[in-house]
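Undergrad: Here you go, model_22.tsv (TSV, C-alpha atoms):
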```tsv
chain	number	residue	atom	x	y	z
A	1	MET	CA	0.00	0.00	0.00
A	2	ALA	CA	1.15	3.50	-0.80
A	3	THR	CA	-1.09	5.19	1.79
A	4	LYS	CA	-1.89	4.62	5.47
A	5	SER	CA	-5.42	3.22	5.11
A	6	ILE	CA	-7.47	1.20	2.66
A	7	HIS	CA	-9.85	4.15	2.25
A	8	THR	CA	-7.16	6.56	1.05
A	9	GLU	CA	-5.60	3.75	-0.99
A	10	LEU	CA	-8.83	3.48	-3.00
A	11	LEU	CA	-8.77	7.22	-3.74
A	12	TYR	CA	-5.08	7.03	-4.63
A	13	CYS	CA	-5.70	4.13	-7.01
A	14	LEU	CA	-8.39	6.07	-8.88
A	15	SER	CA	-5.95	8.84	-9.68
A	16	PRO	CA	-3.83	8.88	-12.82
A	17	THR	CA	-0.91	10.42	-10.90
A	18	LYS	CA	1.37	9.01	-8.21
A	19	ASN	CA	0.90	12.09	-6.02
A	20	ILE	CA	-1.16	11.09	-2.96
A	21	SER	CA	-2.09	14.66	-2.03
A	22	GLN	CA	-3.38	15.38	-5.55
A	23	SER	CA	-5.33	12.11	-5.51
A	24	LEU	CA	-7.06	12.98	-2.24
A	25	ALA	CA	-7.82	16.53	-3.38
A	26	LYS	CA	-9.29	15.33	-6.70
A	27	PHE	CA	-11.24	12.28	-5.54
A	28	GLY	CA	-11.97	13.10	-1.88
A	29	MET	CA	-15.19	14.67	-0.62
A	30	ASN	CA	-15.77	18.32	0.19
A	31	SER	CA	-18.74	20.64	0.72
A	32	SER	CA	-19.41	20.89	-3.03
A	33	THR	CA	-19.33	17.14	-3.74
A	34	ALA	CA	-22.33	16.14	-5.86
A	35	SER	CA	-21.56	12.47	-6.61
A	36	VAL	CA	-20.28	9.68	-4.39
A	37	VAL	CA	-19.13	6.14	-5.06
A	38	ALA	CA	-19.81	3.78	-2.14
A	39	VAL	CA	-17.44	0.86	-1.64
A	40	LEU	CA	-17.78	-2.00	0.86
A	41	PHE	CA	-14.50	-3.29	2.29
A	42	HIS	CA	-15.94	-6.14	4.31
A	43	PRO	CA	-17.88	-9.26	3.36
A	44	GLN	CA	-21.65	-9.13	3.24
A	45	SER	CA	-23.34	-10.63	6.29
A	46	ALA	CA	-26.62	-12.54	5.94
A	47	ASP	CA	-27.39	-11.72	9.59
A	48	ASN	CA	-27.11	-7.97	9.10
A	49	PRO	CA	-28.79	-6.66	5.92
A	50	SER	CA	-27.36	-3.17	6.43
A	51	THR	CA	-23.93	-4.56	5.47
A	52	SER	CA	-25.12	-5.50	1.99
A	53	LEU	CA	-24.74	-3.11	-0.94
A	54	ASP	CA	-28.53	-2.69	-1.12
A	55	GLY	CA	-28.69	-1.98	2.62
A	56	LEU	CA	-25.90	0.57	2.35
A	57	GLU	CA	-27.49	2.17	-0.71
A	58	SER	CA	-30.84	2.45	1.07
A	59	LYS	CA	-29.24	4.00	4.15
A	60	LEU	CA	-27.20	6.50	2.11
A	61	THR	CA	-30.04	7.62	-0.13
A	62	SER	CA	-32.38	8.15	2.82
A	63	GLN	CA	-29.82	10.06	4.92
A	64	LEU	CA	-28.48	12.17	2.07
A	65	ASP	CA	-31.83	12.76	0.36
A	66	CYS	CA	-30.46	11.74	-3.02
A	67	GLU	CA	-31.00	9.33	-5.89
A	68	SER	CA	-28.97	6.26	-6.67
A	69	SER	CA	-27.35	5.42	-9.99
A	70	HIS	CA	-25.96	1.96	-10.59
A	71	SER	CA	-24.06	3.03	-13.69
A	72	LEU	CA	-20.43	3.71	-12.89
A	73	TRP	CA	-19.32	3.52	-16.51
A	74	PRO	CA	-18.72	7.04	-17.79
A	75	ASP	CA	-20.17	6.41	-21.24
A	76	THR	CA	-23.52	5.22	-19.81
A	77	ASN	CA	-23.86	7.71	-16.95
A	78	PRO	CA	-25.42	11.01	-18.08
A	79	GLU	CA	-24.02	12.86	-15.06
A	80	CYS	CA	-20.44	12.07	-16.03
A	81	ASP	CA	-18.34	14.82	-17.62
A	82	LEU	CA	-16.42	12.90	-20.28
A	83	VAL	CA	-14.40	15.94	-21.36
A	84	GLU	CA	-13.08	16.35	-17.81
A	85	LEU	CA	-12.23	12.64	-17.62
A	86	PHE	CA	-10.43	12.75	-20.97
A	87	GLU	CA	-8.33	15.68	-19.71
A	88	LEU	CA	-7.66	14.11	-16.31
A	89	TYR	CA	-6.54	10.76	-17.74
A	90	LYS	CA	-4.94	12.33	-20.86
A	91	VAL	CA	-6.97	10.28	-23.33
A	92	THR	CA	-6.16	11.43	-26.84
A	93	PRO	CA	-8.80	12.01	-29.54
A	94	GLU	CA	-7.21	9.14	-31.51
A	95	GLU	CA	-7.68	6.78	-28.58
A	96	GLN	CA	-11.29	7.93	-28.17
A	97	ALA	CA	-11.96	7.26	-31.85
A	98	LEU	CA	-10.33	3.80	-31.72
A	99	SER	CA	-12.37	2.92	-28.65
A	100	LYS	CA	-15.60	3.89	-30.41
A	101	GLU	CA	-14.64	2.10	-33.65
A	102	SER	CA	-13.83	-1.15	-31.87
A	103	GLY	CA	-17.05	-1.02	-29.84
A	104	ASP	CA	-15.15	-0.95	-26.55
A	105	SER	CA	-16.40	1.09	-23.64
A	106	LEU	CA	-14.60	4.39	-23.16
A	107	SER	CA	-14.08	3.21	-19.59
A	108	TYR	CA	-11.31	0.93	-20.82
A	109	CYS	CA	-9.26	4.05	-21.58
A	110	PHE	CA	-9.50	5.13	-17.94
A	111	VAL	CA	-9.14	1.67	-16.40
A	112	THR	CA	-5.98	1.08	-18.44
A	113	ARG	CA	-4.45	4.32	-17.15
A	114	VAL	CA	-5.21	3.39	-13.54
A	115	ALA	CA	-3.98	-0.19	-13.94
A	116	CYS	CA	-0.70	0.89	-15.55
A	117	LYS	CA	0.02	3.82	-13.24
A	118	ASP	CA	2.84	2.05	-11.40
A	119	VAL	CA	4.35	0.67	-14.60
A	120	VAL	CA	4.18	3.62	-16.99
A	121	THR	CA	3.98	7.35	-16.32
A	122	VAL	CA	1.10	8.80	-18.35
```
What do you get writing this file as structure tokens?

TA:
Amino acid sequence: MATKSIHTELLYCLSPTKNISQSLAKFGMNSSTASVVAVLFHPQSADNPSTSLDGLESKLTSQLDCESSHSLWPDTNPECDLVELFELYKVTPEEQALSKESGDSLSYCFVTRVACKDVVTV
């Protein structure tokens, strides 16, 4: 692990850079945060339904007075700003065109950047 907790490690892993502070600033929450991704780090318990993803989703949506979206893929989520993601992950227009031509999800462009972060500097 590059960070001190699994929670910050998740935020760090989402980032295209190796700078932990930049990762936390970009992907962490603040007072203007409009979208949240919920992640469970423990196994689901049949005895306690609030530990399931549905239980967590229900609790979050009721406490935050918000709607839930199950689509995390940027090209199927209307709230996602693709231009900002292309800039953040430095996806070239050529790569965007190839992704569309091959029928692949644009998400592969971002997932590849995250997966290769420790191998190649983007």

Undergrad: For atom CA of A:Asp104 and atom CA of A:Phe86, quote the distance in Å rounded to one decimal.

TA: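 Between these atoms lies a distance of 15.5 Å.
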
Undergrad: With all atoms listed in the file as the atoms that count, which of A:Leu64, A:Leu14, A:Ala38, A:Cys109 lies nearest to A:Ala97?

TA: A:Cys109

Undergrad: From the options A:Val37, A:Pro16, A:Lys117, A:Lys26, which residue's atoms come nearest to A:Lys90, counting all atoms listed in the file?

TA: A:Pro16

Undergrad: For A:Cys13, please output as a ChimeraX atom specification all residues within 12 Å (counting all atoms listed in the file; exclusion window: fewer than 5 positions along the same chain).

TA: /A:1-3,6-8,18-20,22-24,26-27,110-118

Undergrad: Pick the closest to A:Ala25 from A:Tyr12, A:Tyr108, A:Phe41, A:Tyr89: which is it, counting all atoms listed in the file?

TA: A:Tyr12

Undergrad: Identify which of the residues A:Gly103, A:Gly55, A:Thr17, A:Ala34 lies closest to A:Leu88, counting all atoms listed in the file when measuring atom-to-atom distances.

TA: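 The shortest atom-to-atom distance to A:Leu88 comes from A:Thr17.
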